[in-house]
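Asks: This is the content of model.tsv (TSV, N, CA and C atoms):
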```tsv
chain	number	residue	atom	x	y	z
A	112	MET	N	23.24	5.48	-8.20
A	112	MET	CA	23.36	6.53	-7.19
A	112	MET	C	22.51	7.72	-7.62
A	113	LEU	N	21.76	8.27	-6.68
A	113	LEU	CA	20.84	9.35	-6.98
A	113	LEU	C	21.55	10.61	-7.48
A	114	SER	N	22.72	10.88	-6.97
A	114	SER	CA	23.44	12.09	-7.37
A	114	SER	C	23.86	12.04	-8.84
A	115	GLU	N	23.89	10.86	-9.41
A	115	GLU	CA	24.30	10.71	-10.81
A	115	GLU	C	23.13	10.89	-11.78
A	116	LEU	N	21.90	10.91	-11.27
A	116	LEU	CA	20.74	11.07	-12.14
A	116	LEU	C	20.56	12.54	-12.52
A	117	ASP	N	20.12	12.77	-13.76
A	117	ASP	CA	19.78	14.14	-14.11
A	117	ASP	C	18.44	14.47	-13.46
A	118	LEU	N	18.06	15.73	-13.48
A	118	LEU	CA	16.88	16.19	-12.75
A	118	LEU	C	15.59	15.48	-13.22
A	119	PRO	N	15.34	15.37	-14.53
A	119	PRO	CA	14.12	14.64	-14.94
A	119	PRO	C	14.12	13.18	-14.48
A	120	ALA	N	15.27	12.54	-14.51
A	120	ALA	CA	15.34	11.14	-14.07
A	120	ALA	C	15.13	11.03	-12.56
A	121	LEU	N	15.64	11.99	-11.81
A	121	LEU	CA	15.44	11.99	-10.36
A	121	LEU	C	13.96	12.19	-10.03
A	122	ARG	N	13.32	13.12	-10.73
A	122	ARG	CA	11.88	13.32	-10.52
A	122	ARG	C	11.09	12.07	-10.88
A	123	ALA	N	11.47	11.43	-11.98
A	123	ALA	CA	10.79	10.19	-12.39
A	123	ALA	C	11.00	9.10	-11.34
A	124	GLN	N	12.19	9.03	-10.78
A	124	GLN	CA	12.48	8.04	-9.73
A	124	GLN	C	11.61	8.29	-8.51
A	125	ARG	N	11.44	9.54	-8.14
A	125	ARG	CA	10.59	9.87	-6.99
A	125	ARG	C	9.14	9.49	-7.26
A	126	ARG	N	8.65	9.77	-8.48
A	126	ARG	CA	7.28	9.38	-8.83
A	126	ARG	C	7.12	7.86	-8.75
A	127	HIS	N	8.10	7.14	-9.27
A	127	HIS	CA	8.06	5.68	-9.23
A	127	HIS	C	8.05	5.18	-7.78
A	128	LEU	N	8.92	5.73	-6.95
A	128	LEU	CA	8.99	5.31	-5.55
A	128	LEU	C	7.70	5.66	-4.80
A	129	THR	N	7.12	6.79	-5.10
A	129	THR	CA	5.85	7.18	-4.46
A	129	THR	C	4.75	6.19	-4.82
A	130	ALA	N	4.66	5.84	-6.09
A	130	ALA	CA	3.65	4.87	-6.53
A	130	ALA	C	3.91	3.49	-5.93
A	131	GLU	N	5.16	3.08	-5.90
A	131	GLU	CA	5.52	1.78	-5.33
A	131	GLU	C	5.21	1.73	-3.84
A	132	HIS	N	5.50	2.81	-3.13
A	132	HIS	CA	5.19	2.87	-1.70
A	132	HIS	C	3.69	2.75	-1.47
A	133	ALA	N	2.91	3.47	-2.24
A	133	ALA	CA	1.45	3.40	-2.09
A	133	ALA	C	0.94	2.00	-2.38
A	134	ARG	N	1.45	1.36	-3.43
A	134	ARG	CA	1.01	0.02	-3.81
A	134	ARG	C	1.37	-1.00	-2.72
A	135	LEU	N	2.59	-0.94	-2.22
A	135	LEU	CA	3.01	-1.88	-1.18
A	135	LEU	C	2.24	-1.67	0.13
A	136	THR	N	1.98	-0.41	0.47
A	136	THR	CA	1.22	-0.10	1.68
A	136	THR	C	-0.19	-0.65	1.57
A	137	TRP	N	-0.81	-0.47	0.42
A	137	TRP	CA	-2.15	-0.98	0.19
A	137	TRP	C	-2.17	-2.50	0.29
A	138	LEU	N	-1.21	-3.16	-0.33
A	138	LEU	CA	-1.13	-4.62	-0.30
A	138	LEU	C	-0.93	-5.13	1.13
A	139	ARG	N	-0.06	-4.47	1.88
A	139	ARG	CA	0.15	-4.86	3.29
A	139	ARG	C	-1.13	-4.72	4.09
A	140	ARG	N	-1.87	-3.66	3.84
A	140	ARG	CA	-3.14	-3.46	4.55
A	140	ARG	C	-4.14	-4.56	4.21
A	141	LEU	N	-4.17	-4.98	2.94
A	141	LEU	CA	-5.06	-6.07	2.55
A	141	LEU	C	-4.69	-7.37	3.25
A	142	VAL	N	-3.40	-7.67	3.29
A	142	VAL	CA	-2.95	-8.90	3.95
A	142	VAL	C	-3.29	-8.85	5.43
A	143	LYS	N	-3.07	-7.70	6.06
A	143	LYS	CA	-3.39	-7.53	7.48
A	143	LYS	C	-4.89	-7.71	7.72
A	144	ALA	N	-5.70	-7.12	6.87
A	144	ALA	CA	-7.15	-7.24	7.02
A	144	ALA	C	-7.60	-8.69	6.85
A	145	ARG	N	-7.01	-9.39	5.90
A	145	ARG	CA	-7.37	-10.80	5.69
A	145	ARG	C	-6.99	-11.62	6.91
A	146	GLY	N	-5.85	-11.33	7.51
A	146	GLY	CA	-5.47	-12.02	8.74
A	146	GLY	C	-6.44	-11.71	9.87
A	147	ASP	N	-6.87	-10.47	9.99
A	147	ASP	CA	-7.84	-10.10	11.02
A	147	ASP	C	-9.15	-10.85	10.83
A	148	LEU	N	-9.59	-10.98	9.58
A	148	LEU	CA	-10.82	-11.73	9.32
A	148	LEU	C	-10.67	-13.20	9.70
A	149	GLU	N	-9.51	-13.78	9.42
A	149	GLU	CA	-9.28	-15.18	9.76
A	149	GLU	C	-9.25	-15.38	11.27
A	150	VAL	N	-8.60	-14.46	12.00
A	150	VAL	CA	-8.59	-14.55	13.46
A	150	VAL	C	-10.02	-14.43	13.99
A	151	ALA	N	-10.79	-13.51	13.45
A	151	ALA	CA	-12.18	-13.35	13.89
A	151	ALA	C	-12.97	-14.64	13.66
A	152	ARG	N	-12.78	-15.25	12.51
A	152	ARG	CA	-13.51	-16.49	12.21
A	152	ARG	C	-13.10	-17.58	13.19
A	153	LEU	N	-11.78	-17.71	13.45
A	153	LEU	CA	-11.29	-18.76	14.33
A	153	LEU	C	-11.70	-18.57	15.79
A	154	THR	N	-11.90	-17.33	16.19
A	154	THR	CA	-12.28	-17.06	17.58
A	154	THR	C	-13.78	-17.02	17.77
A	155	GLY	N	-14.51	-17.33	16.72
A	155	GLY	CA	-15.96	-17.44	16.85
A	155	GLY	C	-16.74	-16.19	16.58
A	156	VAL	N	-16.10	-15.15	16.14
A	156	VAL	CA	-16.84	-13.95	15.77
A	156	VAL	C	-17.60	-14.29	14.49
A	157	THR	N	-18.90	-14.12	14.55
A	157	THR	CA	-19.72	-14.53	13.40
A	157	THR	C	-20.16	-13.37	12.54
A	158	GLY	N	-19.85	-12.20	12.91
A	158	GLY	CA	-20.25	-11.04	12.13
A	158	GLY	C	-20.84	-9.97	13.02
A	159	PRO	N	-21.30	-8.90	12.42
A	159	PRO	CA	-21.84	-7.80	13.21
A	159	PRO	C	-23.15	-8.20	13.90
A	160	SER	N	-23.40	-7.57	15.04
A	160	SER	CA	-24.66	-7.80	15.76
A	160	SER	C	-25.81	-7.21	14.95
A	161	ALA	N	-27.01	-7.50	15.38
A	161	ALA	CA	-28.19	-6.98	14.67
A	161	ALA	C	-28.18	-5.45	14.66
A	162	ALA	N	-27.81	-4.85	15.78
A	162	ALA	CA	-27.77	-3.38	15.85
A	162	ALA	C	-26.69	-2.83	14.92
A	163	GLU	N	-25.53	-3.50	14.88
A	163	GLU	CA	-24.44	-3.05	14.01
A	163	GLU	C	-24.79	-3.26	12.53
A	164	SER	N	-25.56	-4.30	12.25
A	164	SER	CA	-25.91	-4.60	10.87
A	164	SER	C	-26.71	-3.49	10.21
A	165	THR	N	-27.43	-2.74	11.00
A	165	THR	CA	-28.20	-1.64	10.41
A	165	THR	C	-27.30	-0.55	9.84
A	166	LEU	N	-26.05	-0.53	10.30
A	166	LEU	CA	-25.09	0.46	9.81
A	166	LEU	C	-24.39	0.01	8.52
A	167	LEU	N	-24.60	-1.25	8.15
A	167	LEU	CA	-23.90	-1.83	7.01
A	167	LEU	C	-24.87	-2.14	5.88
A	168	THR	N	-24.43	-1.88	4.67
A	168	THR	CA	-25.25	-2.25	3.51
A	168	THR	C	-25.19	-3.76	3.35
A	169	PRO	N	-26.12	-4.36	2.62
A	169	PRO	CA	-26.07	-5.81	2.40
A	169	PRO	C	-24.75	-6.27	1.76
A	170	ALA	N	-24.21	-5.48	0.86
A	170	ALA	CA	-22.95	-5.86	0.21
A	170	ALA	C	-21.80	-5.89	1.22
A	171	VAL	N	-21.77	-4.92	2.13
A	171	VAL	CA	-20.72	-4.89	3.14
A	171	VAL	C	-20.91	-6.04	4.12
A	172	ARG	N	-22.14	-6.32	4.52
A	172	ARG	CA	-22.40	-7.46	5.42
A	172	ARG	C	-21.91	-8.76	4.78
A	173	ALA	N	-22.18	-8.94	3.49
A	173	ALA	CA	-21.74	-10.15	2.79
A	173	ALA	C	-20.21	-10.21	2.73
A	174	ALA	N	-19.57	-9.08	2.50
A	174	ALA	CA	-18.11	-9.05	2.41
A	174	ALA	C	-17.46	-9.39	3.75
A	175	LEU	N	-18.16	-9.11	4.84
A	175	LEU	CA	-17.63	-9.39	6.17
A	175	LEU	C	-18.05	-10.75	6.70
A	176	ALA	N	-18.73	-11.54	5.88
A	176	ALA	CA	-19.15	-12.88	6.31
A	176	ALA	C	-17.92	-13.67	6.73
A	177	LEU	N	-18.00	-14.31	7.88
A	177	LEU	CA	-16.84	-14.99	8.43
A	177	LEU	C	-17.00	-16.50	8.41
A	178	ALA	N	-17.93	-17.00	7.64
A	178	ALA	CA	-18.12	-18.44	7.55
A	178	ALA	C	-16.98	-19.08	6.79
A	179	GLU	N	-16.74	-20.36	7.06
A	179	GLU	CA	-15.72	-21.12	6.33
A	179	GLU	C	-16.08	-21.09	4.85
A	180	ASP	N	-15.10	-20.80	4.00
A	180	ASP	CA	-15.40	-20.68	2.57
A	180	ASP	C	-15.41	-22.02	1.86
A	181	GLY	N	-14.96	-23.10	2.51
A	181	GLY	CA	-15.10	-24.42	1.94
A	181	GLY	C	-14.11	-24.80	0.86
A	182	HIS	N	-13.29	-23.89	0.40
A	182	HIS	CA	-12.32	-24.25	-0.64
A	182	HIS	C	-10.94	-23.70	-0.33
A	183	ARG	N	-10.59	-23.78	0.94
A	183	ARG	CA	-9.28	-23.29	1.39
A	183	ARG	C	-8.24	-24.40	1.21
A	184	ASP	N	-7.10	-24.06	0.67
A	184	ASP	CA	-6.03	-25.01	0.45
A	184	ASP	C	-5.20	-25.26	1.70
A	185	LEU	N	-5.18	-24.31	2.63
A	185	LEU	CA	-4.32	-24.41	3.82
A	185	LEU	C	-5.18	-24.51	5.07
A	186	PRO	N	-4.69	-25.23	6.07
A	186	PRO	CA	-5.36	-25.16	7.37
A	186	PRO	C	-5.23	-23.74	7.92
A	187	SER	N	-6.13	-23.36	8.80
A	187	SER	CA	-6.15	-22.00	9.32
A	187	SER	C	-4.84	-21.59	9.96
A	188	SER	N	-4.19	-22.48	10.70
A	188	SER	CA	-2.93	-22.11	11.35
A	188	SER	C	-1.86	-21.81	10.32
A	189	ALA	N	-1.80	-22.60	9.25
A	189	ALA	CA	-0.81	-22.35	8.19
A	189	ALA	C	-1.13	-21.05	7.46
A	190	LEU	N	-2.41	-20.80	7.24
A	190	LEU	CA	-2.80	-19.56	6.57
A	190	LEU	C	-2.41	-18.36	7.42
A	191	LEU	N	-2.68	-18.42	8.72
A	191	LEU	CA	-2.30	-17.31	9.61
A	191	LEU	C	-0.80	-17.10	9.62
A	192	THR	N	-0.04	-18.19	9.62
A	192	THR	CA	1.42	-18.09	9.59
A	192	THR	C	1.89	-17.42	8.31
A	193	GLU	N	1.33	-17.84	7.18
A	193	GLU	CA	1.72	-17.23	5.90
A	193	GLU	C	1.30	-15.77	5.81
A	194	LEU	N	0.11	-15.47	6.31
A	194	LEU	CA	-0.33	-14.07	6.30
A	194	LEU	C	0.58	-13.21	7.17
A	195	ALA	N	0.95	-13.69	8.34
A	195	ALA	CA	1.83	-12.93	9.23
A	195	ALA	C	3.21	-12.75	8.59
A	196	HIS	N	3.73	-13.81	8.00
A	196	HIS	CA	5.04	-13.72	7.35
A	196	HIS	C	4.98	-12.73	6.18
A	197	THR	N	3.93	-12.81	5.39
A	197	THR	CA	3.78	-11.90	4.25
A	197	THR	C	3.63	-10.46	4.71
A	198	GLU	N	2.87	-10.25	5.77
A	198	GLU	CA	2.72	-8.89	6.29
A	198	GLU	C	4.06	-8.32	6.75
A	199	ARG	N	4.87	-9.14	7.44
A	199	ARG	CA	6.20	-8.68	7.87
A	199	ARG	C	7.08	-8.34	6.67
A	200	SER	N	7.05	-9.21	5.66
A	200	SER	CA	7.85	-8.97	4.45
A	200	SER	C	7.41	-7.69	3.76
A	201	LEU	N	6.11	-7.49	3.66
A	201	LEU	CA	5.60	-6.28	3.04
A	201	LEU	C	5.94	-5.05	3.87
A	202	SER	N	5.91	-5.16	5.18
A	202	SER	CA	6.28	-4.04	6.05
A	202	SER	C	7.74	-3.64	5.82
A	203	HIS	N	8.61	-4.64	5.69
A	203	HIS	CA	10.02	-4.35	5.40
A	203	HIS	C	10.16	-3.68	4.04
A	204	ALA	N	9.40	-4.15	3.05
A	204	ALA	CA	9.46	-3.55	1.71
A	204	ALA	C	8.94	-2.12	1.73
A	205	VAL	N	7.87	-1.87	2.49
A	205	VAL	CA	7.33	-0.50	2.63
A	205	VAL	C	8.39	0.40	3.26
A	206	ASP	N	9.02	-0.09	4.33
A	206	ASP	CA	10.05	0.71	5.01
A	206	ASP	C	11.23	1.00	4.09
A	207	ALA	N	11.66	-0.01	3.33
A	207	ALA	CA	12.79	0.19	2.41
A	207	ALA	C	12.44	1.18	1.31
A	208	THR	N	11.22	1.07	0.81
A	208	THR	CA	10.78	2.00	-0.24
A	208	THR	C	10.70	3.42	0.32
A	209	GLN	N	10.20	3.55	1.55
A	209	GLN	CA	10.12	4.87	2.17
A	209	GLN	C	11.51	5.46	2.36
A	210	LEU	N	12.47	4.64	2.74
A	210	LEU	CA	13.85	5.11	2.90
A	210	LEU	C	14.39	5.63	1.57
A	211	HIS	N	14.18	4.87	0.49
A	211	HIS	CA	14.66	5.30	-0.83
A	211	HIS	C	13.94	6.58	-1.28
A	212	LEU	N	12.64	6.65	-0.99
A	212	LEU	CA	11.88	7.85	-1.34
A	212	LEU	C	12.41	9.06	-0.57
A	213	ASP	N	12.69	8.87	0.72
A	213	ASP	CA	13.26	9.95	1.52
A	213	ASP	C	14.61	10.40	0.97
A	214	GLN	N	15.43	9.45	0.54
A	214	GLN	CA	16.74	9.79	-0.02
A	214	GLN	C	16.58	10.55	-1.33
A	215	ALA	N	15.65	10.11	-2.18
A	215	ALA	CA	15.43	10.81	-3.45
A	215	ALA	C	14.90	12.22	-3.19
A	216	THR	N	14.02	12.36	-2.22
A	216	THR	CA	13.48	13.67	-1.87
A	216	THR	C	14.58	14.58	-1.34
A	217	ALA	N	15.43	14.04	-0.49
A	217	ALA	CA	16.54	14.83	0.06
A	217	ALA	C	17.48	15.29	-1.06
A	218	GLU	N	17.75	14.41	-2.02
A	218	GLU	CA	18.62	14.79	-3.15
A	218	GLU	C	17.95	15.87	-3.99
A	219	LEU	N	16.68	15.74	-4.23
A	219	LEU	CA	15.96	16.75	-5.01
A	219	LEU	C	15.96	18.09	-4.28
A	220	MET	N	15.71	18.07	-2.98
A	220	MET	CA	15.71	19.31	-2.20
A	220	MET	C	17.11	19.94	-2.18
A	221	ARG	N	18.14	19.09	-2.08
A	221	ARG	CA	19.51	19.62	-2.11
A	221	ARG	C	19.75	20.35	-3.42
A	222	ARG	N	19.31	19.76	-4.53
A	222	ARG	CA	19.49	20.41	-5.83
A	222	ARG	C	18.70	21.71	-5.93
A	223	TYR	N	17.51	21.72	-5.39
A	223	TYR	CA	16.70	22.95	-5.41
A	223	TYR	C	17.35	24.04	-4.56
A	224	ARG	N	17.93	23.65	-3.42
A	224	ARG	CA	18.63	24.65	-2.59
A	224	ARG	C	19.86	25.19	-3.32
A	225	ASP	N	20.59	24.29	-4.00
A	225	ASP	CA	21.78	24.71	-4.74
A	225	ASP	C	21.44	25.63	-5.90
A	226	ASP	N	20.33	25.37	-6.56
A	226	ASP	CA	19.92	26.19	-7.71
A	226	ASP	C	18.40	26.26	-7.73
A	227	PRO	N	17.81	27.23	-7.04
A	227	PRO	CA	16.35	27.32	-6.93
A	227	PRO	C	15.63	27.41	-8.29
A	228	ARG	N	16.34	27.86	-9.31
A	228	ARG	CA	15.69	27.95	-10.63
A	228	ARG	C	15.30	26.57	-11.16
A	229	THR	N	15.97	25.52	-10.71
A	229	THR	CA	15.67	24.19	-11.24
A	229	THR	C	14.27	23.71	-10.86
A	230	CYS	N	13.72	24.23	-9.77
A	230	CYS	CA	12.37	23.80	-9.41
A	230	CYS	C	11.34	24.39	-10.36
A	231	LEU	N	11.71	25.42	-11.10
A	231	LEU	CA	10.81	26.01	-12.08
A	231	LEU	C	11.03	25.43	-13.48
A	232	ALA	N	12.04	24.62	-13.63
A	232	ALA	CA	12.39	24.09	-14.95
A	232	ALA	C	11.66	22.81	-15.30
A	233	GLN	N	10.76	22.37	-14.44
A	233	GLN	CA	10.02	21.14	-14.71
A	233	GLN	C	9.07	21.35	-15.88
A	234	GLN	N	9.12	20.45	-16.85
A	234	GLN	CA	8.23	20.56	-17.99
A	234	GLN	C	6.83	20.14	-17.58
A	235	LEU	N	5.87	20.94	-17.99
A	235	LEU	CA	4.48	20.61	-17.71
A	235	LEU	C	3.96	19.71	-18.83
A	236	VAL	N	3.19	18.73	-18.45
A	236	VAL	CA	2.62	17.82	-19.43
A	236	VAL	C	1.22	18.30	-19.74
A	237	GLU	N	0.93	18.43	-21.01
A	237	GLU	CA	-0.39	18.88	-21.40
A	237	GLU	C	-1.38	17.74	-21.24
A	238	ALA	N	-2.56	18.06	-20.75
A	238	ALA	CA	-3.61	17.06	-20.62
A	238	ALA	C	-4.14	16.76	-22.02
A	239	PRO	N	-4.47	15.49	-22.29
A	239	PRO	CA	-5.02	15.15	-23.60
A	239	PRO	C	-6.35	15.85	-23.81
A	240	THR	N	-6.59	16.28	-25.01
A	240	THR	CA	-7.85	16.95	-25.33
A	240	THR	C	-8.89	15.91	-25.70
A	241	ALA	N	-10.12	16.19	-25.31
A	241	ALA	CA	-11.21	15.28	-25.65
A	241	ALA	C	-11.53	15.40	-27.13
A	242	SER	N	-11.78	14.26	-27.77
A	242	SER	CA	-12.09	14.31	-29.19
A	242	SER	C	-13.57	14.36	-29.43
```
Could you show the structure in this file as structure tokens?
Replies:
Amino acid sequence: MLSELDLPALRAQRRHLTAEHARLTWLRRLVKARGDLEVARLTGVTGPSAAESTLLTPAVRAALALAEDGHRDLPSSALLTELAHTERSLSHAVDATQLHLDQATAELMRRYRDDPRTCLAQQLVEAPTAS
């Protein structure tokens, strides 16, 4: 329970939840993008037009190549199903993490309202010095 944590532990929990939320959001975006690329490949989109290609560097054009990669373990329909399922699971995890982060933030704000001096009591971490 958040109310049972001391202030440093509550702050650490918020930092952990913030990092976890960012990581899960990024992963969900990657899964979504991979699904979008697979749909584009299946629907015959072969890549950017000649005019659009001028806006893309060669590395970006190669990254957007939609040709069959030749070493896929799953048929496209199964891959799309797994990508969609994974995206939904990650969306639920992102939402749950956001809820916990909101609760930790609310608890921290409640403590700051109860005793405003506690927001000044956070220990500053010294940056490592270059050798």
Asks: Tell me, in Å to one decimal, how far atom CA of Pro169 of chain A is from atom CA of Val156 of chain A.
Replies: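 Computing the Euclidean distance for atom CA of Pro169 of chain A and atom CA of Val156 of chain A yields 18.2 Å.
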Asks: Taking all atoms listed in the file into account, name the residue in A:Val142, A:Leu128, A:Leu148, A:Ala173 that is nearest to His211 of chain A.
Replies: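 Smallest separation from His211 of chain A among the options: A:Leu128.
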Asks: Between atom N of Arg125 of chain A and atom N of Thr197 of chain A, what is the distance, to one decimal in Å?
Replies: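 Atom N of Arg125 of chain A sits 27.2 Å away from atom N of Thr197 of chain A.
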Asks: I need the alpha helix (DSSP H) residues of segment 120-232 of chain A per DSSP on the backbone, written as JSON, numbers by chain.
Replies: {"A": [120, 121, 122, 123, 124, 125, 126, 127, 128, 129, 130, 131, 132, 133, 134, 135, 136, 137, 138, 139, 140, 141, 142, 143, 144, 145, 146, 147, 148, 149, 150, 151, 152, 153, 161, 162, 163, 164, 169, 170, 171, 172, 173, 174, 187, 188, 189, 190, 191, 192, 193, 194, 195, 196, 197, 198, 199, 200, 201, 202, 203, 204, 205, 206, 207, 208, 209, 210, 211, 212, 213, 214, 215, 216, 217, 218, 219, 220, 221, 222, 223, 224, 225]}
Asks: Rounded to one decimal place, report the atom CA of Ala207 of chain A-atom N of Trp137 of chain A distance in Å.
Replies: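 Distance reported for this atom pair: 13.8 Å.
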Asks: At a cut-off of 8 Å, using all atoms listed in the file, what residues contact Leu194 of chain A? Leave out same-chain residues fewer than 3 positions from it and give the result as a list of chain:residue names.
Replies: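 Using all atoms listed in the file, the neighbours found are A:Val142, A:Lys143, A:Arg145, A:Gly146, A:Ser188, A:Ala189, A:Leu190, A:Leu191, A:Thr197, A:Glu198, A:Arg199, A:Ser200.
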Asks: Tell me which of A:Leu118, A:Leu113, A:Ala170, A:Leu212 sits closest to Asp226 of chain A, counting only C-alpha atoms.
Replies: A:Leu118
Asks: Please return, as a PDB file with N, CA and C atoms, keeping the file's coordinate frame, all polymer residues that have at least one atom within 12 Å of the point (5.1, 7.5, -7.5); use only C-alpha atoms and the file's own coordinate frame.
Replies:
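Output below, filename part_11.pdb:
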```pdb
ATOM      1  N   LEU A 121      15.640  11.990 -11.810  1.00  0.00           N
ATOM      2  CA  LEU A 121      15.440  11.990 -10.360  1.00  0.00           C
ATOM      3  C   LEU A 121      13.960  12.190 -10.030  1.00  0.00           C
ATOM      4  N   ARG A 122      13.320  13.120 -10.730  1.00  0.00           N
ATOM      5  CA  ARG A 122      11.880  13.320 -10.520  1.00  0.00           C
ATOM      6  C   ARG A 122      11.090  12.070 -10.880  1.00  0.00           C
ATOM      7  N   ALA A 123      11.470  11.430 -11.980  1.00  0.00           N
ATOM      8  CA  ALA A 123      10.790  10.190 -12.390  1.00  0.00           C
ATOM      9  C   ALA A 123      11.000   9.100 -11.340  1.00  0.00           C
ATOM     10  N   GLN A 124      12.190   9.030 -10.780  1.00  0.00           N
ATOM     11  CA  GLN A 124      12.480   8.040  -9.730  1.00  0.00           C
ATOM     12  C   GLN A 124      11.610   8.290  -8.510  1.00  0.00           C
ATOM     13  N   ARG A 125      11.440   9.540  -8.140  1.00  0.00           N
ATOM     14  CA  ARG A 125      10.590   9.870  -6.990  1.00  0.00           C
ATOM     15  C   ARG A 125       9.140   9.490  -7.260  1.00  0.00           C
ATOM     16  N   ARG A 126       8.650   9.770  -8.480  1.00  0.00           N
ATOM     17  CA  ARG A 126       7.280   9.380  -8.830  1.00  0.00           C
ATOM     18  C   ARG A 126       7.120   7.860  -8.750  1.00  0.00           C
ATOM     19  N   HIS A 127       8.100   7.140  -9.270  1.00  0.00           N
ATOM     20  CA  HIS A 127       8.060   5.680  -9.230  1.00  0.00           C
ATOM     21  C   HIS A 127       8.050   5.180  -7.780  1.00  0.00           C
ATOM     22  N   LEU A 128       8.920   5.730  -6.950  1.00  0.00           N
ATOM     23  CA  LEU A 128       8.990   5.310  -5.550  1.00  0.00           C
ATOM     24  C   LEU A 128       7.700   5.660  -4.800  1.00  0.00           C
ATOM     25  N   THR A 129       7.120   6.790  -5.100  1.00  0.00           N
ATOM     26  CA  THR A 129       5.850   7.180  -4.460  1.00  0.00           C
ATOM     27  C   THR A 129       4.750   6.190  -4.820  1.00  0.00           C
ATOM     28  N   ALA A 130       4.660   5.840  -6.090  1.00  0.00           N
ATOM     29  CA  ALA A 130       3.650   4.870  -6.530  1.00  0.00           C
ATOM     30  C   ALA A 130       3.910   3.490  -5.930  1.00  0.00           C
ATOM     31  N   GLU A 131       5.160   3.080  -5.900  1.00  0.00           N
ATOM     32  CA  GLU A 131       5.520   1.780  -5.330  1.00  0.00           C
ATOM     33  C   GLU A 131       5.210   1.730  -3.840  1.00  0.00           C
ATOM     34  N   HIS A 132       5.500   2.810  -3.130  1.00  0.00           N
ATOM     35  CA  HIS A 132       5.190   2.870  -1.700  1.00  0.00           C
ATOM     36  C   HIS A 132       3.690   2.750  -1.470  1.00  0.00           C
ATOM     37  N   ALA A 133       2.910   3.470  -2.240  1.00  0.00           N
ATOM     38  CA  ALA A 133       1.450   3.400  -2.090  1.00  0.00           C
ATOM     39  C   ALA A 133       0.940   2.000  -2.380  1.00  0.00           C
ATOM     40  N   ARG A 134       1.450   1.360  -3.430  1.00  0.00           N
ATOM     41  CA  ARG A 134       1.010   0.020  -3.810  1.00  0.00           C
ATOM     42  C   ARG A 134       1.370  -1.000  -2.720  1.00  0.00           C
ATOM     43  N   LEU A 135       2.590  -0.940  -2.220  1.00  0.00           N
ATOM     44  CA  LEU A 135       3.010  -1.880  -1.180  1.00  0.00           C
ATOM     45  C   LEU A 135       2.240  -1.670   0.130  1.00  0.00           C
ATOM     46  N   THR A 208      11.220   1.070   0.810  1.00  0.00           N
ATOM     47  CA  THR A 208      10.780   2.000  -0.240  1.00  0.00           C
ATOM     48  C   THR A 208      10.700   3.420   0.320  1.00  0.00           C
ATOM     49  N   GLN A 209      10.200   3.550   1.550  1.00  0.00           N
ATOM     50  CA  GLN A 209      10.120   4.870   2.170  1.00  0.00           C
ATOM     51  C   GLN A 209      11.510   5.460   2.360  1.00  0.00           C
ATOM     52  N   HIS A 211      14.180   4.870   0.490  1.00  0.00           N
ATOM     53  CA  HIS A 211      14.660   5.300  -0.830  1.00  0.00           C
ATOM     54  C   HIS A 211      13.940   6.580  -1.280  1.00  0.00           C
ATOM     55  N   LEU A 212      12.640   6.650  -0.990  1.00  0.00           N
ATOM     56  CA  LEU A 212      11.880   7.850  -1.340  1.00  0.00           C
ATOM     57  C   LEU A 212      12.410   9.060  -0.570  1.00  0.00           C
ATOM     58  N   ALA A 215      15.650  10.110  -2.180  1.00  0.00           N
ATOM     59  CA  ALA A 215      15.430  10.810  -3.450  1.00  0.00           C
ATOM     60  C   ALA A 215      14.900  12.220  -3.190  1.00  0.00           C
ATOM     61  N   THR A 216      14.020  12.360  -2.220  1.00  0.00           N
ATOM     62  CA  THR A 216      13.480  13.670  -1.870  1.00  0.00           C
ATOM     63  C   THR A 216      14.580  14.580  -1.340  1.00  0.00           C
TER      64      THR A 216
END
```
Asks: Specify the axis-aligned box that encloses all atoms of segment 199-210 of chain A listed in the file after padding of 4 Å on each side, stating its centre and edge lengths in Å to one decimal as AutoDock Vina command-line options.
Replies:
```
--center_x 9.6 --center_y -1.8 --center_z 3.8 --size_x 17.5 --size_y 22.8 --size_z 16.1
```
Asks: Which one of A:Val205, A:Glu193, A:Ala120, A:Ser187 sits closest to Thr154 of chain A if you count only C-alpha atoms?
Replies: A:Ser187
